[in-house]
>>> print(open('upload_11.cif').read())   # mmCIF, C-alpha atoms (C1' of nucleotides)
data_my_file
loop_
_atom_site.label_atom_id
_atom_site.label_comp_id
_atom_site.auth_asym_id
_atom_site.auth_seq_id
_atom_site.Cartn_x
_atom_site.Cartn_y
_atom_site.Cartn_z
CA MET A 1 8.36 -69.99 41.02
CA SER A 2 7.95 -66.98 38.84
CA ILE A 3 9.93 -66.77 35.64
CA THR A 4 11.15 -63.35 36.69
CA GLU A 5 13.13 -64.94 39.46
CA THR A 6 15.37 -66.62 36.91
CA SER A 7 16.90 -63.17 36.53
CA ASN A 8 20.22 -63.02 38.35
CA LEU A 9 19.72 -59.44 39.42
CA GLY A 10 19.07 -58.34 42.97
CA PRO A 11 16.97 -55.32 43.77
CA ARG A 12 19.96 -53.07 44.46
CA ASP A 13 22.09 -53.90 41.43
CA SER A 14 22.49 -51.27 38.75
CA ILE A 15 21.89 -52.59 35.27
CA LYS A 16 24.51 -52.00 32.60
CA PRO A 17 22.97 -50.58 29.40
CA ASP A 18 25.21 -52.72 27.19
CA VAL A 19 24.23 -55.94 28.90
CA LEU A 20 20.56 -55.02 28.97
CA ALA A 21 20.66 -54.01 25.31
CA ILE A 22 21.91 -57.45 24.28
CA ASP A 23 19.34 -59.23 26.47
CA LEU A 24 16.49 -57.05 25.34
CA ARG A 25 17.44 -57.19 21.69
CA THR A 26 17.56 -60.97 21.76
CA ALA A 27 14.21 -61.18 23.52
CA VAL A 28 12.52 -58.67 21.22
CA MET A 29 13.84 -60.19 18.00
CA ARG A 30 12.97 -63.70 19.10
CA THR A 31 9.47 -62.72 20.14
CA SER A 32 8.84 -60.70 17.00
CA ARG A 33 9.98 -63.62 14.92
CA ARG A 34 7.53 -65.95 16.67
CA LEU A 35 4.79 -63.36 16.28
CA ARG A 36 5.47 -63.19 12.56
CA VAL A 37 5.59 -66.96 12.10
CA GLU A 38 2.54 -67.66 14.27
CA ALA A 39 0.43 -65.07 12.46
CA THR A 40 -0.72 -67.58 9.85
CA GLY A 41 -3.87 -67.33 7.83
CA ASP A 42 -3.77 -63.58 7.51
CA VAL A 43 -5.72 -62.13 4.63
CA ILE A 44 -3.36 -59.19 4.38
CA THR A 45 0.42 -58.93 4.26
CA PRO A 46 2.45 -57.34 7.08
CA GLY A 47 3.04 -54.23 4.98
CA GLN A 48 -0.66 -53.89 4.22
CA TYR A 49 -1.46 -54.41 7.87
CA THR A 50 0.70 -51.55 9.14
CA VAL A 51 -0.65 -49.20 6.48
CA LEU A 52 -4.23 -50.02 7.47
CA ALA A 53 -3.35 -49.51 11.13
CA GLN A 54 -1.74 -46.18 10.27
CA LEU A 55 -4.81 -45.01 8.34
CA ASN A 56 -7.12 -46.24 11.07
CA ALA A 57 -5.21 -44.40 13.77
CA ASN A 58 -4.39 -41.14 12.00
CA GLY A 59 -7.05 -40.72 9.33
CA PRO A 60 -6.68 -40.23 5.55
CA GLN A 61 -3.19 -39.45 4.33
CA THR A 62 -1.36 -38.87 1.08
CA LEU A 63 0.72 -41.58 -0.47
CA ARG A 64 3.90 -39.69 0.23
CA THR A 65 3.10 -39.24 3.91
CA LEU A 66 2.33 -42.94 4.20
CA ALA A 67 5.62 -43.84 2.53
CA GLU A 68 7.56 -41.62 4.92
CA ARG A 69 5.80 -42.93 8.02
CA GLU A 70 6.31 -46.53 6.98
CA HIS A 71 9.90 -45.87 5.92
CA VAL A 72 9.43 -47.26 2.42
CA GLN A 73 9.95 -45.63 -0.96
CA ALA A 74 7.05 -44.21 -2.96
CA PRO A 75 6.83 -47.05 -5.52
CA SER A 76 6.58 -49.58 -2.71
CA MET A 77 3.73 -47.63 -1.15
CA THR A 78 2.00 -47.37 -4.53
CA ARG A 79 2.11 -51.13 -4.71
CA ILE A 80 0.77 -51.66 -1.20
CA VAL A 81 -2.03 -49.13 -1.67
CA ASN A 82 -2.93 -50.69 -5.04
CA ALA A 83 -3.31 -54.10 -3.41
CA LEU A 84 -5.44 -52.63 -0.61
CA THR A 85 -7.58 -50.74 -3.15
CA GLU A 86 -8.22 -53.87 -5.21
CA GLN A 87 -9.39 -55.66 -2.06
CA GLY A 88 -11.65 -52.76 -1.16
CA PHE A 89 -9.87 -51.97 2.12
CA VAL A 90 -8.91 -48.40 1.22
CA THR A 91 -10.18 -45.73 -1.15
CA ARG A 92 -8.21 -43.26 -3.22
CA THR A 93 -9.63 -39.78 -3.64
CA ALA A 94 -8.09 -36.86 -5.48
CA HIS A 95 -6.99 -33.86 -3.45
CA PRO A 96 -9.50 -30.99 -3.96
CA ASN A 97 -6.90 -28.30 -4.61
CA ASP A 98 -3.78 -30.15 -5.67
CA GLY A 99 -4.40 -32.51 -8.56
CA ARG A 100 -1.08 -34.27 -8.02
CA GLN A 101 -1.93 -35.58 -4.60
CA VAL A 102 -3.96 -38.65 -3.73
CA GLN A 103 -5.69 -39.05 -0.39
CA VAL A 104 -5.84 -42.62 0.88
CA GLY A 105 -8.46 -43.55 3.45
CA ILE A 106 -9.54 -46.76 5.17
CA THR A 107 -12.98 -48.26 4.39
CA LEU A 108 -15.39 -50.08 6.69
CA ALA A 109 -14.20 -53.35 5.15
CA GLY A 110 -10.66 -52.20 5.86
CA LYS A 111 -11.47 -51.56 9.51
CA ALA A 112 -13.07 -55.00 9.76
CA VAL A 113 -10.12 -56.83 8.23
CA LEU A 114 -7.73 -54.84 10.41
CA GLU A 115 -9.56 -55.96 13.52
CA GLU A 116 -9.61 -59.55 12.30
CA ALA A 117 -5.89 -59.48 11.51
CA ARG A 118 -5.14 -57.91 14.87
CA GLU A 119 -6.91 -60.75 16.66
CA GLN A 120 -5.19 -63.41 14.58
CA ARG A 121 -1.82 -61.83 15.19
CA THR A 122 -2.40 -61.48 18.90
CA ALA A 123 -3.96 -64.89 19.57
CA TRP A 124 -0.69 -66.75 19.99
CA LEU A 125 0.75 -64.11 22.29
CA ALA A 126 -2.46 -63.85 24.36
CA GLN A 127 -2.28 -67.57 25.00
CA ARG A 128 1.34 -67.39 26.09
CA VAL A 129 0.67 -64.39 28.28
CA ALA A 130 -2.30 -66.12 29.91
CA GLY A 131 0.05 -68.82 31.17
CA LEU A 132 2.20 -66.37 33.12
CA SER A 133 1.93 -65.28 36.73
CA ASP A 134 0.17 -62.02 37.46
CA ASP A 135 3.47 -60.51 38.55
CA ASP A 136 5.05 -61.38 35.23
CA ARG A 137 2.13 -59.88 33.38
CA LYS A 138 2.55 -56.64 35.32
CA ILE A 139 6.22 -56.49 34.40
CA LEU A 140 5.46 -57.10 30.74
CA SER A 141 2.75 -54.48 30.76
CA ARG A 142 5.10 -51.85 32.15
CA ALA A 143 7.87 -52.98 29.81
CA ALA A 144 5.53 -52.61 26.85
CA HIS A 145 4.92 -48.97 27.71
CA ILE A 146 8.62 -48.28 28.23
CA MET A 147 9.48 -49.90 24.91
CA GLN A 148 6.77 -47.97 23.08
CA GLU A 149 8.15 -44.73 24.42
CA MET A 150 11.71 -45.79 23.69
CA ALA A 151 11.06 -46.83 20.11
CA GLY A 152 9.48 -43.48 19.39
CA LYS A 153 5.96 -42.59 18.50
CA MET B 154 8.68 -38.98 36.51
CA SER B 155 9.49 -42.43 35.35
CA ILE B 156 8.11 -43.60 32.04
CA THR B 157 6.64 -46.62 33.76
CA GLU B 158 4.24 -44.36 35.59
CA THR B 159 2.52 -43.57 32.32
CA SER B 160 0.99 -47.03 32.70
CA ASN B 161 -2.60 -46.69 33.85
CA LEU B 162 -2.44 -49.79 36.00
CA GLY B 163 -2.41 -49.76 39.77
CA PRO B 164 -0.56 -52.38 41.79
CA ARG B 165 -3.68 -54.38 42.57
CA ASP B 166 -5.22 -54.55 39.12
CA SER B 167 -5.19 -57.86 37.33
CA ILE B 168 -3.97 -57.59 33.76
CA LYS B 169 -6.11 -59.03 31.00
CA PRO B 170 -4.08 -61.26 28.66
CA ASP B 171 -5.88 -59.92 25.59
CA VAL B 172 -5.13 -56.32 26.41
CA LEU B 173 -1.54 -57.06 27.37
CA ALA B 174 -1.04 -59.11 24.21
CA ILE B 175 -2.01 -56.16 22.01
CA ASP B 176 0.20 -53.74 23.97
CA LEU B 177 3.15 -56.09 24.04
CA ARG B 178 2.81 -57.06 20.40
CA THR B 179 2.79 -53.42 19.33
CA ALA B 180 5.79 -52.62 21.51
CA VAL B 181 7.78 -55.65 20.34
CA MET B 182 7.06 -55.18 16.66
CA ARG B 183 7.80 -51.47 16.80
CA THR B 184 11.07 -52.02 18.66
CA SER B 185 12.16 -54.86 16.40
CA ARG B 186 11.46 -52.69 13.40
CA ARG B 187 13.65 -49.91 14.76
CA LEU B 188 16.35 -52.44 15.62
CA ARG B 189 16.29 -53.73 12.08
CA VAL B 190 16.35 -50.29 10.50
CA GLU B 191 19.04 -48.92 12.81
CA ALA B 192 21.32 -51.90 12.21
CA THR B 193 22.91 -50.31 9.16
CA GLY B 194 26.34 -51.07 7.83
CA ASP B 195 26.20 -54.75 8.64
CA VAL B 196 28.49 -56.95 6.65
CA ILE B 197 26.10 -59.88 6.94
CA THR B 198 22.37 -60.21 6.30
CA PRO B 199 19.91 -60.86 9.15
CA GLY B 200 19.52 -64.49 8.07
CA GLN B 201 23.26 -65.00 8.05
CA TYR B 202 23.52 -63.34 11.43
CA THR B 203 21.09 -65.66 13.18
CA VAL B 204 22.73 -68.73 11.65
CA LEU B 205 26.15 -67.60 12.88
CA ALA B 206 24.70 -66.92 16.32
CA GLN B 207 23.11 -70.37 16.34
CA LEU B 208 26.39 -72.06 15.38
CA ASN B 209 28.32 -69.98 17.91
CA ALA B 210 25.95 -70.88 20.73
CA ASN B 211 25.27 -74.55 19.99
CA GLY B 212 28.31 -75.76 18.04
CA PRO B 213 28.51 -77.45 14.61
CA GLN B 214 25.20 -78.63 13.18
CA THR B 215 23.87 -80.24 10.03
CA LEU B 216 22.16 -78.20 7.38
CA ARG B 217 18.83 -79.81 8.16
CA THR B 218 19.06 -79.02 11.88
CA LEU B 219 19.89 -75.43 11.08
CA ALA B 220 16.93 -75.16 8.72
CA GLU B 221 14.58 -76.51 11.37
CA ARG B 222 15.90 -74.27 14.12
CA GLU B 223 15.69 -71.19 11.90
CA HIS B 224 12.29 -72.22 10.56
CA VAL B 225 13.32 -72.00 6.94
CA GLN B 226 13.26 -74.65 4.20
CA ALA B 227 16.36 -76.62 3.23
CA PRO B 228 17.06 -74.74 -0.04
CA SER B 229 16.99 -71.43 1.81
CA MET B 230 19.50 -72.73 4.34
CA THR B 231 21.71 -74.05 1.53
CA ARG B 232 21.75 -70.53 0.13
CA ILE B 233 22.58 -68.90 3.47
CA VAL B 234 25.33 -71.40 4.27
CA ASN B 235 26.78 -70.99 0.76
CA ALA B 236 27.04 -67.24 1.27
CA LEU B 237 28.67 -67.71 4.69
CA THR B 238 31.09 -70.28 3.27
CA GLU B 239 32.16 -67.97 0.44
CA GLN B 240 32.91 -65.25 2.99
CA GLY B 241 34.89 -67.68 5.12
CA PHE B 242 32.60 -67.41 8.16
CA VAL B 243 31.64 -71.09 8.29
CA THR B 244 33.17 -74.36 7.15
CA ARG B 245 31.44 -77.39 5.69
CA THR B 246 32.78 -80.80 6.64
CA ALA B 247 31.44 -84.19 5.63
CA HIS B 248 29.91 -86.36 8.35
CA PRO B 249 32.33 -89.22 9.18
CA ASN B 250 29.71 -91.99 9.09
CA ASP B 251 26.85 -90.62 7.03
CA GLY B 252 27.96 -89.36 3.64
CA ARG B 253 24.68 -87.54 3.08
CA GLN B 254 25.12 -85.16 5.94
CA VAL B 255 27.14 -81.96 6.05
CA GLN B 256 28.38 -80.48 9.30
CA VAL B 257 28.47 -76.71 9.35
CA GLY B 258 30.71 -74.96 11.87
CA ILE B 259 31.64 -71.36 12.62
CA THR B 260 35.19 -70.15 11.94
CA LEU B 261 37.29 -67.66 13.89
CA ALA B 262 36.49 -65.05 11.23
CA GLY B 263 32.82 -65.95 11.71
CA LYS B 264 33.06 -65.39 15.45
CA ALA B 265 34.73 -62.04 14.85
CA VAL B 266 32.12 -60.82 12.38
CA LEU B 267 29.36 -62.05 14.69
CA GLU B 268 30.74 -60.00 17.54
CA GLU B 269 31.09 -56.95 15.31
CA ALA B 270 27.53 -57.31 14.00
CA ARG B 271 26.23 -57.80 17.53
CA GLU B 272 27.79 -54.52 18.65
CA GLN B 273 26.48 -52.64 15.62
CA ARG B 274 23.01 -54.04 16.15
CA THR B 275 22.98 -53.27 19.85
CA ALA B 276 24.51 -49.78 19.72
CA TRP B 277 21.24 -47.96 19.03
CA LEU B 278 19.37 -49.82 21.74
CA ALA B 279 22.15 -49.40 24.30
CA GLN B 280 22.00 -45.66 23.78
CA ARG B 281 18.24 -45.58 24.26
CA VAL B 282 18.44 -47.80 27.32
CA ALA B 283 21.13 -45.61 28.84
CA GLY B 284 18.68 -42.71 28.84
CA LEU B 285 16.17 -44.53 31.02
CA SER B 286 15.79 -44.50 34.78
CA ASP B 287 17.32 -47.36 36.72
CA ASP B 288 13.84 -48.58 37.64
CA ASP B 289 12.85 -48.75 34.00
CA ARG B 290 16.01 -50.65 33.19
CA LYS B 291 15.20 -53.19 35.89
CA ILE B 292 11.75 -53.72 34.46
CA LEU B 293 13.11 -54.17 30.96
CA SER B 294 15.70 -56.60 32.21
CA ARG B 295 13.09 -58.77 33.88
CA ALA B 296 10.78 -58.44 30.90
CA ALA B 297 13.57 -59.60 28.60
CA HIS B 298 13.93 -62.81 30.60
CA ILE B 299 10.19 -63.41 30.66
CA MET B 300 9.93 -62.86 26.92
CA GLN B 301 12.86 -65.16 26.22
CA GLU B 302 11.19 -67.91 28.20
CA MET B 303 7.83 -67.20 26.61
CA ALA B 304 9.11 -67.24 23.04
CA GLY B 305 10.72 -70.62 23.63
CA LYS B 306 14.33 -71.57 23.67
"C1'" DT C 307 12.22 -96.73 0.28
"C1'" DA C 308 13.54 -92.91 3.26
"C1'" DT C 309 16.67 -89.13 4.14
"C1'" DT C 310 20.13 -85.33 3.14
"C1'" DG C 311 21.16 -81.88 0.42
"C1'" DT C 312 21.29 -79.31 -4.25
"C1'" DT C 313 19.44 -77.25 -8.43
"C1'" DA C 314 15.69 -75.09 -11.11
"C1'" DT C 315 12.18 -72.04 -10.99
"C1'" DA C 316 8.80 -68.77 -9.35
"C1'" DC C 317 6.82 -65.46 -6.14
"C1'" DT C 318 6.88 -61.53 -2.88
"C1'" DC C 319 8.74 -57.41 -1.32
"C1'" DT C 320 11.65 -53.73 -1.86
"C1'" DA C 321 14.65 -50.48 -4.29
"C1'" DT C 322 16.44 -47.15 -8.08
"C1'" DA C 323 15.70 -44.85 -12.47
"C1'" DA C 324 12.85 -42.92 -15.87
"C1'" DC C 325 8.50 -41.04 -16.88
"C1'" DT C 326 3.78 -38.32 -16.63
"C1'" DA C 327 0.98 -34.87 -14.73
"C1'" DT C 328 0.33 -30.94 -11.95
"C1'" DA C 329 2.00 -26.67 -9.32
"C1'" DT D 330 11.79 -26.14 -11.99
"C1'" DA D 331 9.92 -28.76 -8.22
"C1'" DT D 332 6.68 -32.11 -6.43
"C1'" DA D 333 3.27 -36.30 -6.39
"C1'" DG D 334 2.70 -40.38 -8.11
"C1'" DT D 335 3.30 -44.36 -11.61
"C1'" DT D 336 5.71 -47.64 -14.49
"C1'" DA D 337 9.78 -50.41 -15.71
"C1'" DT D 338 13.20 -53.12 -14.11
"C1'" DA D 339 16.35 -55.43 -10.96
"C1'" DG D 340 17.92 -57.54 -6.64
"C1'" DA D 341 17.17 -59.88 -2.16
"C1'" DG D 342 15.04 -63.61 0.20
"C1'" DT D 343 12.04 -67.37 0.49
"C1'" DA D 344 9.21 -71.27 -1.20
"C1'" DT D 345 7.89 -75.66 -3.85
"C1'" DA D 346 9.16 -79.30 -7.09
"C1'" DA D 347 12.38 -82.23 -9.15
"C1'" DC D 348 16.69 -84.35 -8.74
"C1'" DA D 349 21.25 -86.84 -7.07
"C1'" DA D 350 23.58 -89.27 -3.62
"C1'" DT D 351 23.61 -92.07 0.36
"C1'" DA D 352 21.48 -95.09 4.10
#
>>> encode(input="upload_11.cif", output="structure tokens")
Amino acid sequence: MSITETSNLGPRDSIKPDVLAIDLRTAVMRTSRRLRVEATGDVITPGQYTVLAQLNANGPQTLRTLAEREHVQAPSMTRIVNALTEQGFVTRTAHPNDGRQVQVGITLAGKAVLEEAREQRTAWLAQRVAGLSDDDRKILSRAAHIMQEMAGK
Amino acid sequence: MSITETSNLGPRDSIKPDVLAIDLRTAVMRTSRRLRVEATGDVITPGQYTVLAQLNANGPQTLRTLAEREHVQAPSMTRIVNALTEQGFVTRTAHPNDGRQVQVGITLAGKAVLEEAREQRTAWLAQRVAGLSDDDRKILSRAAHIMQEMAGK
DNA sequence: TATTGTTATACTCTATAACTATA
DNA sequence: TATAGTTATAGAGTATAACAATA
């Protein structure tokens, strides 16, 4: 029996947003918590990880832009970027025209450690997902896309 | 067009656990982050919230049991329970037979604040969910159950 | 001796405020 | 004056180690 069938919803029932919100919130928070706990042995912190991913996906950015995108204050981003710089995962280069700005970019070592961290962080989930039925995997795949869209770019 | 149709997977494709794991992890972490950020104005901290929810769902428990279930160390749980006790949201009672143990239980005020926090924390998500198609809501509902099962009770 | 819980202490991450340098 | 970034400092939250009380 598929896990999805534990749902008490028939195909014709309309789903109340309030009820779904509570269910989904619980599921998301619980899963994210496990993902955080199971991601042991990482060489970089969660904050460093998301900054590397951001730089990898969107190219070099100023410190301020990074802070805004990560929703942290400037001093916090200074700290994160300093740590990444010391480890050789990002470089800081002065802006050609504006001497106040600093461009932060990911290095090859940074890309490598990002990939490594991504695998470590995904290993636990991949194992769990492998134990599901194909139907359940399809549902999760679609749900992932819906959630991505819903949570905003 | 439904958001689910942005998925590039046909009905007959088998879904690779590794690929799904990366998609799902990204979606879950991004959503949980938004949920955390959007849950402003809470009267209790996230740690306090989960402890109250735990006590509400499973009844009075010892400090050690709570620490294990929340995956934190004993001193951290002492701190959380102290804060909840000072606010009047839990009570501490001595174990009748074993003088070492402390039973922690939720109060009526604790139940009230839990319900209030739950609504605050779910409001943002409920609004987002309300803007989806009914099909998408069905998928999310099933996905929530699958994730709950997958992340362990 | 083993177990439950507390206290002491330190570390990480984040924030606000004050400061420097550049525009 | 305004903006980009850094430094100083403080406040959560968590951890380990040492301790007290009980079994």
>>> residues_around(input="upload_11.cif", residues="range 333-350 of chain D", least_positions_apart="6", cutoff="10 Å", atoms="only C-alpha atoms (C1' of nucleotides)", output="PyMOL selection string")
(chain A and resi 62-64+74-75+78-79+98-102) or (chain B and resi 198+200+225-230+232-233+252-253) or (chain C and resi 310-328)
>>> calpha_fit_and_write(input="upload_11.cif", fixed="chain B", moving="chain A", output="mmCIF file with C-alpha atoms, keeping the file's coordinate frame")
data_model
loop_
_atom_site.group_PDB
_atom_site.id
_atom_site.type_symbol
_atom_site.label_atom_id
_atom_site.label_comp_id
_atom_site.auth_asym_id
_atom_site.auth_seq_id
_atom_site.Cartn_x
_atom_site.Cartn_y
_atom_site.Cartn_z
ATOM 1 C CA MET A 1 8.910 -38.733 36.267
ATOM 2 C CA SER A 2 9.575 -42.256 35.204
ATOM 3 C CA ILE A 3 8.134 -43.472 31.940
ATOM 4 C CA THR A 4 6.655 -46.433 33.766
ATOM 5 C CA GLU A 5 4.302 -44.114 35.558
ATOM 6 C CA THR A 6 2.558 -43.338 32.287
ATOM 7 C CA SER A 7 1.004 -46.770 32.730
ATOM 8 C CA ASN A 8 -2.570 -46.425 33.940
ATOM 9 C CA LEU A 9 -2.361 -49.497 36.114
ATOM 10 C CA GLY A 10 -2.329 -49.448 39.887
ATOM 11 C CA PRO A 11 -0.481 -52.037 41.900
ATOM 12 C CA ARG A 12 -3.611 -54.030 42.742
ATOM 13 C CA ASP A 13 -5.195 -54.207 39.298
ATOM 14 C CA SER A 14 -5.237 -57.536 37.517
ATOM 15 C CA ILE A 15 -4.041 -57.329 33.948
ATOM 16 C CA LYS A 16 -6.210 -58.758 31.193
ATOM 17 C CA PRO A 17 -4.217 -61.055 28.873
ATOM 18 C CA ASP A 18 -6.002 -59.736 25.782
ATOM 19 C CA VAL A 19 -5.213 -56.129 26.568
ATOM 20 C CA LEU A 20 -1.633 -56.909 27.514
ATOM 21 C CA ALA A 21 -1.170 -58.989 24.370
ATOM 22 C CA ILE A 22 -2.130 -56.053 22.153
ATOM 23 C CA ASP A 23 0.105 -53.639 24.087
ATOM 24 C CA LEU A 24 3.032 -56.001 24.156
ATOM 25 C CA ARG A 25 2.690 -57.000 20.533
ATOM 26 C CA THR A 26 2.677 -53.382 19.429
ATOM 27 C CA ALA A 27 5.703 -52.578 21.565
ATOM 28 C CA VAL A 28 7.665 -55.635 20.447
ATOM 29 C CA MET A 29 6.931 -55.196 16.746
ATOM 30 C CA ARG A 30 7.720 -51.501 16.854
ATOM 31 C CA THR A 31 10.973 -52.046 18.701
ATOM 32 C CA SER A 32 12.041 -54.914 16.471
ATOM 33 C CA ARG A 33 11.343 -52.791 13.445
ATOM 34 C CA ARG A 34 13.548 -49.989 14.779
ATOM 35 C CA LEU A 35 16.234 -52.519 15.649
ATOM 36 C CA ARG A 36 16.161 -53.829 12.099
ATOM 37 C CA VAL A 37 16.233 -50.382 10.501
ATOM 38 C CA GLU A 38 18.912 -48.992 12.824
ATOM 39 C CA ALA A 39 21.206 -51.967 12.258
ATOM 40 C CA THR A 40 22.841 -50.350 9.233
ATOM 41 C CA GLY A 41 26.267 -51.140 7.929
ATOM 42 C CA ASP A 42 26.104 -54.811 8.753
ATOM 43 C CA VAL A 43 28.449 -57.030 6.810
ATOM 44 C CA ILE A 44 26.071 -59.953 7.083
ATOM 45 C CA THR A 45 22.355 -60.314 6.431
ATOM 46 C CA PRO A 46 19.846 -61.009 9.229
ATOM 47 C CA GLY A 47 19.509 -64.623 8.107
ATOM 48 C CA GLN A 48 23.271 -65.103 8.103
ATOM 49 C CA TYR A 49 23.484 -63.479 11.501
ATOM 50 C CA THR A 50 21.060 -65.858 13.209
ATOM 51 C CA VAL A 51 22.750 -68.880 11.648
ATOM 52 C CA LEU A 52 26.146 -67.724 12.914
ATOM 53 C CA ALA A 53 24.669 -67.112 16.360
ATOM 54 C CA GLN A 54 23.118 -70.577 16.302
ATOM 55 C CA LEU A 55 26.422 -72.218 15.349
ATOM 56 C CA ASN A 56 28.296 -70.167 17.915
ATOM 57 C CA ALA A 57 25.918 -71.134 20.696
ATOM 58 C CA ASN A 58 25.296 -74.795 19.892
ATOM 59 C CA GLY A 59 28.339 -75.955 17.949
ATOM 60 C CA PRO A 60 28.571 -77.582 14.490
ATOM 61 C CA GLN A 61 25.302 -78.767 13.011
ATOM 62 C CA THR A 62 24.006 -80.348 9.838
ATOM 63 C CA LEU A 63 22.289 -78.282 7.219
ATOM 64 C CA ARG A 64 18.981 -79.933 7.930
ATOM 65 C CA THR A 65 19.160 -79.223 11.652
ATOM 66 C CA LEU A 66 19.987 -75.596 10.925
ATOM 67 C CA ALA A 67 17.040 -75.315 8.545
ATOM 68 C CA GLU A 68 14.671 -76.739 11.146
ATOM 69 C CA ARG A 69 15.945 -74.511 13.945
ATOM 70 C CA GLU A 70 15.722 -71.411 11.791
ATOM 71 C CA HIS A 71 12.332 -72.435 10.409
ATOM 72 C CA VAL A 72 13.406 -72.170 6.779
ATOM 73 C CA GLN A 73 13.390 -74.763 4.017
ATOM 74 C CA ALA A 74 16.530 -76.666 3.046
ATOM 75 C CA PRO A 75 17.250 -74.738 -0.184
ATOM 76 C CA SER A 76 17.119 -71.467 1.725
ATOM 77 C CA MET A 77 19.617 -72.790 4.248
ATOM 78 C CA THR A 78 21.863 -74.034 1.439
ATOM 79 C CA ARG A 79 21.900 -70.511 0.108
ATOM 80 C CA ILE A 80 22.669 -68.909 3.460
ATOM 81 C CA VAL A 81 25.429 -71.404 4.247
ATOM 82 C CA ASN A 82 26.911 -70.928 0.757
ATOM 83 C CA ALA A 83 27.127 -67.177 1.312
ATOM 84 C CA LEU A 84 28.729 -67.679 4.735
ATOM 85 C CA THR A 85 31.192 -70.210 3.277
ATOM 86 C CA GLU A 86 32.254 -67.845 0.496
ATOM 87 C CA GLN A 87 32.953 -65.156 3.100
ATOM 88 C CA GLY A 88 34.947 -67.597 5.196
ATOM 89 C CA PHE A 89 32.635 -67.385 8.223
ATOM 90 C CA VAL A 90 31.724 -71.078 8.307
ATOM 91 C CA THR A 91 33.278 -74.317 7.103
ATOM 92 C CA ARG A 92 31.594 -77.340 5.589
ATOM 93 C CA THR A 93 32.955 -80.753 6.485
ATOM 94 C CA ALA A 94 31.644 -84.126 5.394
ATOM 95 C CA HIS A 95 30.138 -86.385 8.032
ATOM 96 C CA PRO A 96 32.608 -89.223 8.837
ATOM 97 C CA ASN A 97 30.065 -92.035 8.619
ATOM 98 C CA ASP A 98 27.217 -90.660 6.551
ATOM 99 C CA GLY A 99 28.369 -89.282 3.223
ATOM 100 C CA ARG A 100 25.062 -87.509 2.651
ATOM 101 C CA GLN A 101 25.387 -85.201 5.601
ATOM 102 C CA VAL A 102 27.343 -81.972 5.816
ATOM 103 C CA GLN A 103 28.520 -80.537 9.112
ATOM 104 C CA VAL A 104 28.573 -76.747 9.243
ATOM 105 C CA GLY A 105 30.769 -75.025 11.801
ATOM 106 C CA ILE A 106 31.655 -71.422 12.616
ATOM 107 C CA THR A 107 35.221 -70.162 11.991
ATOM 108 C CA LEU A 108 37.281 -67.679 13.990
ATOM 109 C CA ALA A 109 36.458 -65.059 11.356
ATOM 110 C CA GLY A 110 32.816 -66.009 11.792
ATOM 111 C CA LYS A 111 33.004 -65.489 15.545
ATOM 112 C CA ALA A 112 34.648 -62.105 14.996
ATOM 113 C CA VAL A 113 32.042 -60.889 12.520
ATOM 114 C CA LEU A 114 29.270 -62.167 14.780
ATOM 115 C CA GLU A 115 30.606 -60.115 17.658
ATOM 116 C CA GLU A 116 30.964 -57.068 15.429
ATOM 117 C CA ALA A 117 27.421 -57.451 14.100
ATOM 118 C CA ARG A 118 26.088 -57.937 17.608
ATOM 119 C CA GLU A 119 27.632 -54.651 18.714
ATOM 120 C CA GLN A 120 26.354 -52.787 15.672
ATOM 121 C CA ARG A 121 22.883 -54.174 16.173
ATOM 122 C CA THR A 122 22.843 -53.364 19.857
ATOM 123 C CA ALA A 123 24.379 -49.881 19.704
ATOM 124 C CA TRP A 124 21.143 -48.049 18.997
ATOM 125 C CA LEU A 125 19.268 -49.890 21.723
ATOM 126 C CA ALA A 126 22.091 -49.441 24.270
ATOM 127 C CA GLN A 127 21.925 -45.708 23.710
ATOM 128 C CA ARG A 128 18.172 -45.620 24.195
ATOM 129 C CA VAL A 129 18.386 -47.795 27.272
ATOM 130 C CA ALA A 130 21.104 -45.590 28.762
ATOM 131 C CA GLY A 131 18.666 -42.683 28.739
ATOM 132 C CA LEU A 132 16.154 -44.465 30.962
ATOM 133 C CA SER A 133 15.802 -44.396 34.725
ATOM 134 C CA ASP A 134 17.319 -47.242 36.690
ATOM 135 C CA ASP A 135 13.840 -48.414 37.632
ATOM 136 C CA ASP A 136 12.847 -48.630 33.993
ATOM 137 C CA ARG A 137 15.980 -50.563 33.191
ATOM 138 C CA LYS A 138 15.152 -53.065 35.928
ATOM 139 C CA ILE A 139 11.676 -53.563 34.510
ATOM 140 C CA LEU A 140 13.038 -54.083 31.014
ATOM 141 C CA SER A 141 15.626 -56.516 32.273
ATOM 142 C CA ARG A 142 13.002 -58.644 33.992
ATOM 143 C CA ALA A 143 10.684 -58.338 30.999
ATOM 144 C CA ALA A 144 13.460 -59.546 28.717
ATOM 145 C CA HIS A 145 13.810 -62.737 30.731
ATOM 146 C CA ILE A 146 10.055 -63.310 30.823
ATOM 147 C CA MET A 147 9.795 -62.798 27.074
ATOM 148 C CA GLN A 148 12.704 -65.139 26.387
ATOM 149 C CA GLU A 149 11.026 -67.843 28.404
ATOM 150 C CA MET A 150 7.666 -67.128 26.814
ATOM 151 C CA ALA A 151 8.919 -67.217 23.244
ATOM 152 C CA GLY A 152 10.491 -70.594 23.846
ATOM 153 C CA LYS A 153 14.079 -71.642 23.857
#
>>> atom_distance(input="upload_11.cif", atom1="CA of Ile139 in chain A", atom2="CA of Val282 in chain B")
16.6 Å
>>> residues_near_point(input="upload_11.cif", point="(30.3, -56.7, 16.3)", cutoff="12 Å", atoms="only C-alpha atoms (C1' of nucleotides)", output="ChimeraX atom specification")
/A:22 /B:192,194-197,202,206,262-276
>>> resolve_selection(input="upload_11.cif", expression="the PyMOL selection byres ((chain B and resi 305) around 10)", output="VMD selection string")
(chain A and resid 30 to 31 34) or (chain B and resid 300 to 304 306)
